[in-house]
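Participant: Sharing run29.cif (mmCIF, C-alpha atoms) below.
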```cif
data_work
#
loop_
_atom_site.label_atom_id
_atom_site.label_comp_id
_atom_site.auth_asym_id
_atom_site.auth_seq_id
_atom_site.Cartn_x
_atom_site.Cartn_y
_atom_site.Cartn_z
CA MET A 1 -38.71 10.35 70.27
CA GLY A 2 -39.34 11.63 66.76
CA LYS A 3 -36.34 13.89 66.89
CA LYS A 4 -33.88 11.09 67.66
CA ARG A 5 -35.05 9.05 64.69
CA ARG A 6 -34.75 12.03 62.46
CA THR A 7 -31.15 12.70 63.52
CA LYS A 8 -30.24 9.06 62.91
CA LYS A 9 -31.72 9.24 59.39
CA LEU A 10 -29.79 12.41 58.70
CA SER A 11 -26.59 10.87 59.91
CA LYS A 12 -27.10 7.83 57.63
CA ARG A 13 -27.81 10.20 54.75
CA GLN A 14 -24.72 12.18 55.59
CA GLN A 15 -22.68 8.99 55.69
CA ARG A 16 -23.93 8.04 52.20
CA GLN A 17 -23.11 11.52 50.95
CA ARG A 18 -19.59 11.30 52.43
CA LYS A 19 -19.05 7.89 50.82
CA GLN A 20 -20.25 9.26 47.49
CA LEU A 21 -17.97 12.32 47.84
CA TYR A 22 -15.02 10.08 48.73
CA LYS A 23 -15.75 7.82 45.73
CA ASN A 24 -16.03 10.80 43.35
CA THR A 25 -12.77 12.27 44.70
CA VAL A 26 -10.88 9.00 44.20
CA ILE A 27 -12.24 8.57 40.66
CA SER A 28 -11.32 12.19 39.78
CA ALA A 29 -7.80 11.73 41.17
CA LEU A 30 -7.33 8.50 39.16
CA MET A 31 -8.58 10.20 35.99
CA CYS A 32 -6.10 13.07 36.52
CA LEU A 33 -3.26 10.57 37.02
CA LEU A 34 -4.33 8.70 33.88
CA VAL A 35 -4.38 11.91 31.81
CA LEU A 36 -0.96 12.94 33.16
CA GLY A 37 0.47 9.47 32.44
CA ILE A 38 -0.81 9.42 28.87
CA SER A 39 0.43 12.98 28.29
CA TYR A 40 3.87 11.97 29.54
CA LEU A 41 3.92 8.97 27.17
CA ILE A 42 2.90 11.09 24.21
CA PHE A 43 5.37 13.94 24.77
CA LYS A 44 8.39 12.16 26.25
CA THR A 45 8.45 8.95 24.21
CA ASP A 46 8.27 8.22 20.48
CA ILE A 47 5.11 6.16 20.78
CA LEU A 48 3.22 8.27 18.22
CA LYS A 49 6.12 8.97 15.84
CA PRO A 50 5.69 7.37 12.42
CA ARG A 51 7.80 4.30 11.85
CA VAL A 52 9.52 3.44 8.58
CA ASN A 53 8.63 0.09 7.13
CA GLU A 54 12.14 -1.29 6.67
CA VAL A 55 11.09 -3.84 4.06
CA THR A 56 9.50 -1.18 1.86
CA ALA A 57 12.20 1.41 2.53
CA SER A 58 14.92 -0.93 1.32
CA TYR A 59 13.30 -0.88 -2.14
CA ILE A 60 13.35 2.90 -2.63
CA SER A 61 14.97 3.56 -5.95
CA PHE A 62 17.41 6.40 -6.47
CA TYR A 63 18.55 5.62 -10.01
CA ASN A 64 15.56 7.19 -11.75
CA ASN A 65 15.75 10.97 -11.91
CA ASP A 66 12.55 11.42 -13.89
CA THR A 67 9.78 9.61 -11.99
CA THR A 68 6.88 11.60 -13.43
CA ASP A 69 6.49 9.28 -16.40
CA MET A 70 6.49 6.04 -14.40
CA ILE A 71 3.32 4.07 -13.82
CA LYS A 72 3.01 1.40 -11.12
CA ILE A 73 1.28 -1.94 -11.00
CA ASN A 74 1.04 -3.25 -7.45
CA ASN A 75 0.12 -6.67 -6.09
CA ILE A 76 -0.30 -8.64 -9.28
CA LYS A 77 -2.35 -11.81 -8.82
CA ARG A 78 -2.03 -15.46 -9.76
CA LEU A 79 -4.08 -16.09 -12.92
CA SER A 80 -4.24 -18.49 -15.84
CA ASP A 81 -2.74 -17.18 -19.08
CA ASP A 82 -6.16 -16.75 -20.69
CA MET A 83 -7.47 -14.75 -17.72
CA GLY A 84 -4.25 -12.72 -17.49
CA LYS A 85 -4.49 -11.60 -21.11
CA SER A 86 -8.19 -10.76 -20.85
CA ILE A 87 -10.01 -7.66 -19.67
CA VAL A 88 -10.80 -9.53 -16.42
CA ASN A 89 -7.23 -8.88 -15.26
CA THR A 90 -7.46 -5.64 -13.25
CA LYS A 91 -3.69 -5.31 -13.00
CA SER A 92 -3.38 -3.48 -16.29
CA ARG A 93 -2.48 0.01 -17.43
CA GLU A 94 -3.29 1.84 -20.63
CA LEU A 95 -0.51 4.06 -21.94
CA LYS A 96 -1.06 6.83 -24.45
CA VAL A 97 2.20 7.27 -26.31
CA SER A 98 2.77 10.40 -28.37
CA GLY A 99 5.78 12.01 -29.93
CA GLU A 100 7.43 12.54 -33.27
CA ALA A 101 5.80 10.41 -35.97
CA ASN A 102 7.59 7.11 -36.62
CA SER A 103 10.01 7.60 -33.72
CA ASP A 104 10.95 4.49 -31.76
CA TYR A 105 9.92 3.87 -28.16
CA GLN A 106 10.30 1.12 -25.60
CA VAL A 107 8.04 -0.04 -22.79
CA VAL A 108 10.30 -0.92 -19.86
CA VAL A 109 9.28 -2.74 -16.65
CA TYR A 110 11.25 -2.18 -13.45
CA PRO A 111 10.71 -4.57 -10.54
CA MET A 112 10.31 -2.40 -7.42
CA ILE A 113 9.39 -5.11 -4.90
CA ASN A 114 9.62 -8.66 -6.17
CA ASN A 115 10.53 -11.96 -4.52
CA ILE A 116 9.10 -14.10 -7.32
CA ASP A 117 11.27 -15.75 -9.97
CA LEU A 118 10.86 -13.81 -13.24
CA GLU A 119 9.92 -16.94 -15.19
CA TYR A 120 6.57 -16.97 -13.32
CA ILE A 121 5.77 -13.29 -13.92
CA LYS A 122 3.91 -12.87 -17.17
CA PHE A 123 2.81 -9.86 -19.18
CA SER A 124 0.72 -9.08 -22.20
CA ILE A 125 0.99 -5.98 -24.40
CA THR A 126 -1.84 -4.96 -26.71
CA ASP A 127 -0.94 -2.42 -29.38
CA GLY A 128 -4.06 -1.78 -31.44
CA ASN A 129 -5.16 -5.22 -32.65
CA THR A 130 -1.85 -6.98 -31.95
CA THR A 131 -1.24 -8.77 -28.64
CA TYR A 132 2.19 -9.91 -27.54
CA SER A 133 2.77 -11.91 -24.33
CA ASN A 134 5.71 -13.54 -22.61
CA ASN A 135 7.29 -13.93 -19.19
CA LEU A 136 9.79 -11.41 -17.80
CA SER A 137 12.70 -13.87 -17.82
CA GLU A 138 12.54 -14.02 -21.64
CA VAL A 139 12.97 -10.29 -22.37
CA PRO A 140 16.21 -8.29 -22.60
CA THR A 141 17.44 -6.52 -19.45
CA ARG A 142 18.90 -3.01 -19.56
CA THR A 143 21.86 -1.76 -17.56
CA ASP A 144 19.51 0.06 -15.16
CA GLU A 145 17.82 -3.32 -14.42
CA GLY A 146 14.76 -2.48 -16.47
CA MET A 147 13.29 -5.15 -18.72
CA VAL A 148 12.31 -4.10 -22.24
CA VAL A 149 8.92 -5.74 -22.81
CA TYR A 150 7.97 -3.94 -26.02
CA ASN A 151 9.51 -1.93 -28.87
CA GLY A 152 7.24 0.16 -31.05
CA LYS A 153 6.91 3.16 -33.34
CA VAL A 154 4.88 6.25 -32.47
CA ASP A 155 1.78 6.92 -34.55
CA ASP A 156 -0.28 10.12 -34.07
CA THR A 157 -1.47 9.02 -30.64
CA LYS A 158 -0.91 5.40 -29.83
CA LYS A 159 -2.59 3.44 -27.04
CA VAL A 160 -0.73 0.51 -25.55
CA THR A 161 -2.24 -1.69 -22.83
CA ILE A 162 0.00 -3.74 -20.55
CA ARG A 163 -1.34 -6.48 -18.27
CA MET A 164 0.71 -8.38 -15.69
CA TRP A 165 0.00 -11.55 -13.71
CA ILE A 166 1.70 -14.45 -11.96
CA SER A 167 1.57 -17.90 -13.53
CA LYS A 168 -0.75 -20.49 -11.97
CA GLU A 169 2.29 -22.79 -11.77
CA TYR A 170 3.90 -20.62 -9.07
CA GLU A 171 3.15 -22.04 -5.64
CA GLY A 172 4.96 -19.55 -3.37
CA ASP A 173 3.79 -16.41 -1.59
CA ILE A 174 2.69 -13.59 -3.93
CA ASP A 175 2.09 -10.77 -1.43
CA ASN A 176 3.79 -7.38 -1.73
CA ASN A 177 4.96 -7.20 -5.31
CA SER A 178 5.26 -3.98 -7.25
CA PHE A 179 6.43 -3.05 -10.73
CA SER A 180 6.85 0.29 -12.42
CA ILE A 181 6.45 0.84 -16.14
CA LYS A 182 8.21 3.50 -18.13
CA VAL A 183 8.02 4.46 -21.80
CA ASN A 184 11.32 5.55 -23.36
CA PRO A 185 11.77 8.02 -25.20
CA GLY A 186 8.10 8.82 -26.01
CA GLN A 187 5.80 10.65 -23.63
CA VAL A 188 3.13 9.05 -21.44
CA LYS A 189 -0.08 11.02 -21.11
#
```
Just give me the structure of the file as structure tokens.
Facilitator:
Amino acid sequence: MGKKRRTKKLSKRQQRQRKQLYKNTVISALMCLLVLGISYLIFKTDILKPRVNEVTASYISFYNNDTTDMIKINNIKRLSDDMGKSIVNTKSRELKVSGEANSDYQVVVYPMINNIDLEYIKFSITDGNTTYSNNLSEVPTRTDEGMVVYNGKVDDTKKVTIRMWISKEYEGDIDNNSFSIKVNPGQVK
């Protein structure tokens, strides 16, 4: 009698082992199919190829041959005029201008990405103790679409700080704006 019980227990154990083996085989086969499917997607499709942002790509500039002396200010913010002119405005750049003594130079702003009317874009230039501010619609425009925001004379080494902001009066969207600044004909260090 003891032997029959024992054989029944073994057969139940064997059945559990077979079920477990079947389950492991099915899971392994599904994993292999998943790996093969993902590999096919990666190698036969362009799912992982980098995509060009068409909005940004349409603003690539080809007119400037000498881009090493250009400085960018990206994503300027909406501020009051007092805050925009102050040190609180983080959208500022300090330029060190050097060159022949008493030679003339210009600070020129080029809009790279801008959907905001220029009358709402403001700037402030500090040259030593003098601060000059205006909006971009009030400054002269060059033939290369640059806006001359400042004319100066080179001292030994001159520091000029430019700050940019958007007027509080502007109520539209201010995302994705970018401006580049260039000093002509002095050198930027």
Participant: Fewer than 3 positions away in the same chain doesn't count, so skip those; otherwise give me all residues within 10 Å of Arg78 of chain A, counting all atoms listed in the file, as a PyMOL selection string.
Facilitator: chain A and resi 75+81+83-84+120-122+164-171+174
Participant: Let me make sure I understand: among A:Lys23, A:Leu41, A:Asp104, A:Met112, which one has the smallest atom-to-atom distance to Val183 of chain A if we use all atoms listed in the file?
Facilitator: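 That would be A:Asp104, the residue with the smallest distance to Val183 of chain A.
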Participant: On this file, the PyMOL selection byres ((chain A and resi 86) around 12) gives some set of residues; write that set as a PyMOL selection string.
Facilitator: chain A and resi 79-85+87-92+123-126+131+133+161-165
Participant: Would you save the residues of that selection, restricted to C-alpha atoms, as a PDB file, in the coordinates of the input?
Facilitator:
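Result written to result.pdb:
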```pdb
ATOM      1  CA  LEU A  79      -4.080 -16.090 -12.920  1.00  0.00           C
ATOM      2  CA  SER A  80      -4.240 -18.490 -15.840  1.00  0.00           C
ATOM      3  CA  ASP A  81      -2.740 -17.180 -19.080  1.00  0.00           C
ATOM      4  CA  ASP A  82      -6.160 -16.750 -20.690  1.00  0.00           C
ATOM      5  CA  MET A  83      -7.470 -14.750 -17.720  1.00  0.00           C
ATOM      6  CA  GLY A  84      -4.250 -12.720 -17.490  1.00  0.00           C
ATOM      7  CA  LYS A  85      -4.490 -11.600 -21.110  1.00  0.00           C
ATOM      8  CA  ILE A  87     -10.010  -7.660 -19.670  1.00  0.00           C
ATOM      9  CA  VAL A  88     -10.800  -9.530 -16.420  1.00  0.00           C
ATOM     10  CA  ASN A  89      -7.230  -8.880 -15.260  1.00  0.00           C
ATOM     11  CA  THR A  90      -7.460  -5.640 -13.250  1.00  0.00           C
ATOM     12  CA  LYS A  91      -3.690  -5.310 -13.000  1.00  0.00           C
ATOM     13  CA  SER A  92      -3.380  -3.480 -16.290  1.00  0.00           C
ATOM     14  CA  PHE A 123       2.810  -9.860 -19.180  1.00  0.00           C
ATOM     15  CA  SER A 124       0.720  -9.080 -22.200  1.00  0.00           C
ATOM     16  CA  ILE A 125       0.990  -5.980 -24.400  1.00  0.00           C
ATOM     17  CA  THR A 126      -1.840  -4.960 -26.710  1.00  0.00           C
ATOM     18  CA  THR A 131      -1.240  -8.770 -28.640  1.00  0.00           C
ATOM     19  CA  SER A 133       2.770 -11.910 -24.330  1.00  0.00           C
ATOM     20  CA  THR A 161      -2.240  -1.690 -22.830  1.00  0.00           C
ATOM     21  CA  ILE A 162       0.000  -3.740 -20.550  1.00  0.00           C
ATOM     22  CA  ARG A 163      -1.340  -6.480 -18.270  1.00  0.00           C
ATOM     23  CA  MET A 164       0.710  -8.380 -15.690  1.00  0.00           C
ATOM     24  CA  TRP A 165       0.000 -11.550 -13.710  1.00  0.00           C
TER      25      TRP A 165
END
```
Participant: Here's a test: counting all atoms listed in the file, identify every protein, DNA and RNA residue with an atom at most 10 Å from (7.7, -8.8, -24.8) in the file's coordinate frame, and state them as a list of chain:residue names.
Facilitator: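 Nearby residues: A:Val107, A:Val108, A:Lys122, A:Phe123, A:Ser124, A:Ile125, A:Thr131, A:Tyr132, A:Ser133, A:Asn134, A:Asn135, A:Leu136, A:Ser137, A:Glu138, A:Val139, A:Pro140, A:Met147, A:Val148, A:Val149, A:Tyr150, A:Asn151.
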Participant: Convert the output of the PyMOL selection byres ((chain A and resi 102) around 8) on the shown file into explicit residues, formatted as an NGL selection string.
Facilitator: :A and (100-101 or 103-104 or 153-155)
Participant: Taking all heavy atoms as the atom set, what does segment 148-159 of chain A look like once completed, written as a PDB file, keeping the file's coordinate frame?
Facilitator:
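The resulting rebuild.pdb:
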```pdb
ATOM      1  N   VAL A 148      12.994  -4.634 -21.068  1.00  0.00           N
ATOM      2  CA  VAL A 148      12.310  -4.100 -22.240  1.00  0.00           C
ATOM      3  C   VAL A 148      11.272  -5.128 -22.681  1.00  0.00           C
ATOM      4  O   VAL A 148      11.608  -6.191 -23.191  1.00  0.00           O
ATOM      5  CB  VAL A 148      13.298  -3.814 -23.385  1.00  0.00           C
ATOM      6  CG1 VAL A 148      12.563  -3.272 -24.589  1.00  0.00           C
ATOM      7  CG2 VAL A 148      14.375  -2.849 -22.926  1.00  0.00           C
ATOM      8  N   VAL A 149       9.993  -4.794 -22.470  1.00  0.00           N
ATOM      9  CA  VAL A 149       8.920  -5.740 -22.810  1.00  0.00           C
ATOM     10  C   VAL A 149       8.304  -5.453 -24.166  1.00  0.00           C
ATOM     11  O   VAL A 149       7.584  -6.296 -24.706  1.00  0.00           O
ATOM     12  CB  VAL A 149       7.831  -5.768 -21.707  1.00  0.00           C
ATOM     13  CG1 VAL A 149       8.395  -6.301 -20.410  1.00  0.00           C
ATOM     14  CG2 VAL A 149       7.193  -4.413 -21.516  1.00  0.00           C
ATOM     15  N   TYR A 150       8.580  -4.267 -24.731  1.00  0.00           N
ATOM     16  CA  TYR A 150       7.970  -3.940 -26.020  1.00  0.00           C
ATOM     17  C   TYR A 150       8.755  -2.841 -26.711  1.00  0.00           C
ATOM     18  O   TYR A 150       9.197  -1.874 -26.073  1.00  0.00           O
ATOM     19  CB  TYR A 150       6.526  -3.494 -25.809  1.00  0.00           C
ATOM     20  CG  TYR A 150       5.760  -3.252 -27.091  1.00  0.00           C
ATOM     21  CD1 TYR A 150       5.340  -4.302 -27.885  1.00  0.00           C
ATOM     22  CD2 TYR A 150       5.463  -1.954 -27.492  1.00  0.00           C
ATOM     23  CE1 TYR A 150       4.645  -4.078 -29.054  1.00  0.00           C
ATOM     24  CE2 TYR A 150       4.761  -1.718 -28.660  1.00  0.00           C
ATOM     25  CZ  TYR A 150       4.356  -2.791 -29.440  1.00  0.00           C
ATOM     26  OH  TYR A 150       3.668  -2.566 -30.594  1.00  0.00           O
ATOM     27  N   ASN A 151       8.932  -2.972 -28.025  1.00  0.00           N
ATOM     28  CA  ASN A 151       9.510  -1.930 -28.870  1.00  0.00           C
ATOM     29  C   ASN A 151       8.469  -1.564 -29.907  1.00  0.00           C
ATOM     30  O   ASN A 151       7.872  -2.451 -30.528  1.00  0.00           O
ATOM     31  CB  ASN A 151      10.772  -2.432 -29.584  1.00  0.00           C
ATOM     32  CG  ASN A 151      11.919  -2.621 -28.625  1.00  0.00           C
ATOM     33  OD1 ASN A 151      12.292  -1.714 -27.906  1.00  0.00           O
ATOM     34  ND2 ASN A 151      12.473  -3.823 -28.613  1.00  0.00           N
ATOM     35  N   GLY A 152       8.237  -0.261 -30.082  1.00  0.00           N
ATOM     36  CA  GLY A 152       7.240   0.160 -31.050  1.00  0.00           C
ATOM     37  C   GLY A 152       7.603   1.472 -31.714  1.00  0.00           C
ATOM     38  O   GLY A 152       8.616   2.078 -31.406  1.00  0.00           O
ATOM     39  N   LYS A 153       6.743   1.877 -32.654  1.00  0.00           N
ATOM     40  CA  LYS A 153       6.910   3.160 -33.340  1.00  0.00           C
ATOM     41  C   LYS A 153       5.695   4.016 -33.023  1.00  0.00           C
ATOM     42  O   LYS A 153       4.572   3.529 -32.973  1.00  0.00           O
ATOM     43  CB  LYS A 153       7.017   2.959 -34.843  1.00  0.00           C
ATOM     44  CG  LYS A 153       8.318   2.339 -35.268  1.00  0.00           C
ATOM     45  CD  LYS A 153       8.596   2.695 -36.712  1.00  0.00           C
ATOM     46  CE  LYS A 153       9.924   2.182 -37.164  1.00  0.00           C
ATOM     47  NZ  LYS A 153      11.041   2.985 -36.714  1.00  0.00           N
ATOM     48  N   VAL A 154       5.939   5.312 -32.839  1.00  0.00           N
ATOM     49  CA  VAL A 154       4.880   6.250 -32.470  1.00  0.00           C
ATOM     50  C   VAL A 154       4.037   6.568 -33.703  1.00  0.00           C
ATOM     51  O   VAL A 154       4.561   6.909 -34.756  1.00  0.00           O
ATOM     52  CB  VAL A 154       5.475   7.549 -31.891  1.00  0.00           C
ATOM     53  CG1 VAL A 154       4.390   8.564 -31.599  1.00  0.00           C
ATOM     54  CG2 VAL A 154       6.280   7.256 -30.642  1.00  0.00           C
ATOM     55  N   ASP A 155       2.725   6.424 -33.565  1.00  0.00           N
ATOM     56  CA  ASP A 155       1.780   6.920 -34.550  1.00  0.00           C
ATOM     57  C   ASP A 155       1.336   8.295 -34.052  1.00  0.00           C
ATOM     58  O   ASP A 155       1.974   8.876 -33.190  1.00  0.00           O
ATOM     59  CB  ASP A 155       0.577   5.980 -34.685  1.00  0.00           C
ATOM     60  CG  ASP A 155       0.976   4.631 -35.265  1.00  0.00           C
ATOM     61  OD1 ASP A 155       2.064   4.543 -35.862  1.00  0.00           O
ATOM     62  OD2 ASP A 155       0.211   3.670 -35.098  1.00  0.00           O
ATOM     63  N   ASP A 156       0.204   8.821 -34.556  1.00  0.00           N
ATOM     64  CA  ASP A 156      -0.280  10.120 -34.070  1.00  0.00           C
ATOM     65  C   ASP A 156      -0.439  10.080 -32.548  1.00  0.00           C
ATOM     66  O   ASP A 156       0.207  10.805 -31.822  1.00  0.00           O
ATOM     67  CB  ASP A 156      -1.599  10.494 -34.737  1.00  0.00           C
ATOM     68  CG  ASP A 156      -1.410  10.795 -36.213  1.00  0.00           C
ATOM     69  OD1 ASP A 156      -0.287  11.202 -36.581  1.00  0.00           O
ATOM     70  OD2 ASP A 156      -2.367  10.620 -36.971  1.00  0.00           O
ATOM     71  N   THR A 157      -1.330   9.283 -32.070  1.00  0.00           N
ATOM     72  CA  THR A 157      -1.470   9.020 -30.640  1.00  0.00           C
ATOM     73  C   THR A 157      -1.723   7.536 -30.523  1.00  0.00           C
ATOM     74  O   THR A 157      -2.711   7.026 -31.038  1.00  0.00           O
ATOM     75  CB  THR A 157      -2.635   9.807 -30.018  1.00  0.00           C
ATOM     76  OG1 THR A 157      -2.378  11.198 -30.198  1.00  0.00           O
ATOM     77  CG2 THR A 157      -2.777   9.512 -28.548  1.00  0.00           C
ATOM     78  N   LYS A 158      -0.836   6.852 -29.888  1.00  0.00           N
ATOM     79  CA  LYS A 158      -0.910   5.400 -29.830  1.00  0.00           C
ATOM     80  C   LYS A 158      -1.285   4.963 -28.417  1.00  0.00           C
ATOM     81  O   LYS A 158      -0.759   5.478 -27.444  1.00  0.00           O
ATOM     82  CB  LYS A 158       0.453   4.828 -30.194  1.00  0.00           C
ATOM     83  CG  LYS A 158       0.457   3.362 -30.429  1.00  0.00           C
ATOM     84  CD  LYS A 158       1.775   2.953 -31.031  1.00  0.00           C
ATOM     85  CE  LYS A 158       1.540   1.777 -31.934  1.00  0.00           C
ATOM     86  NZ  LYS A 158       2.640   1.465 -32.766  1.00  0.00           N
ATOM     87  N   LYS A 159      -2.209   4.002 -28.334  1.00  0.00           N
ATOM     88  CA  LYS A 159      -2.590   3.440 -27.040  1.00  0.00           C
ATOM     89  C   LYS A 159      -2.006   2.043 -26.939  1.00  0.00           C
ATOM     90  O   LYS A 159      -2.173   1.223 -27.841  1.00  0.00           O
ATOM     91  CB  LYS A 159      -4.115   3.372 -26.898  1.00  0.00           C
ATOM     92  CG  LYS A 159      -4.763   4.713 -26.770  1.00  0.00           C
ATOM     93  CD  LYS A 159      -6.246   4.578 -26.565  1.00  0.00           C
ATOM     94  CE  LYS A 159      -6.886   5.963 -26.522  1.00  0.00           C
ATOM     95  NZ  LYS A 159      -8.332   5.886 -26.356  1.00  0.00           N
TER      96      LYS A 159
END
```
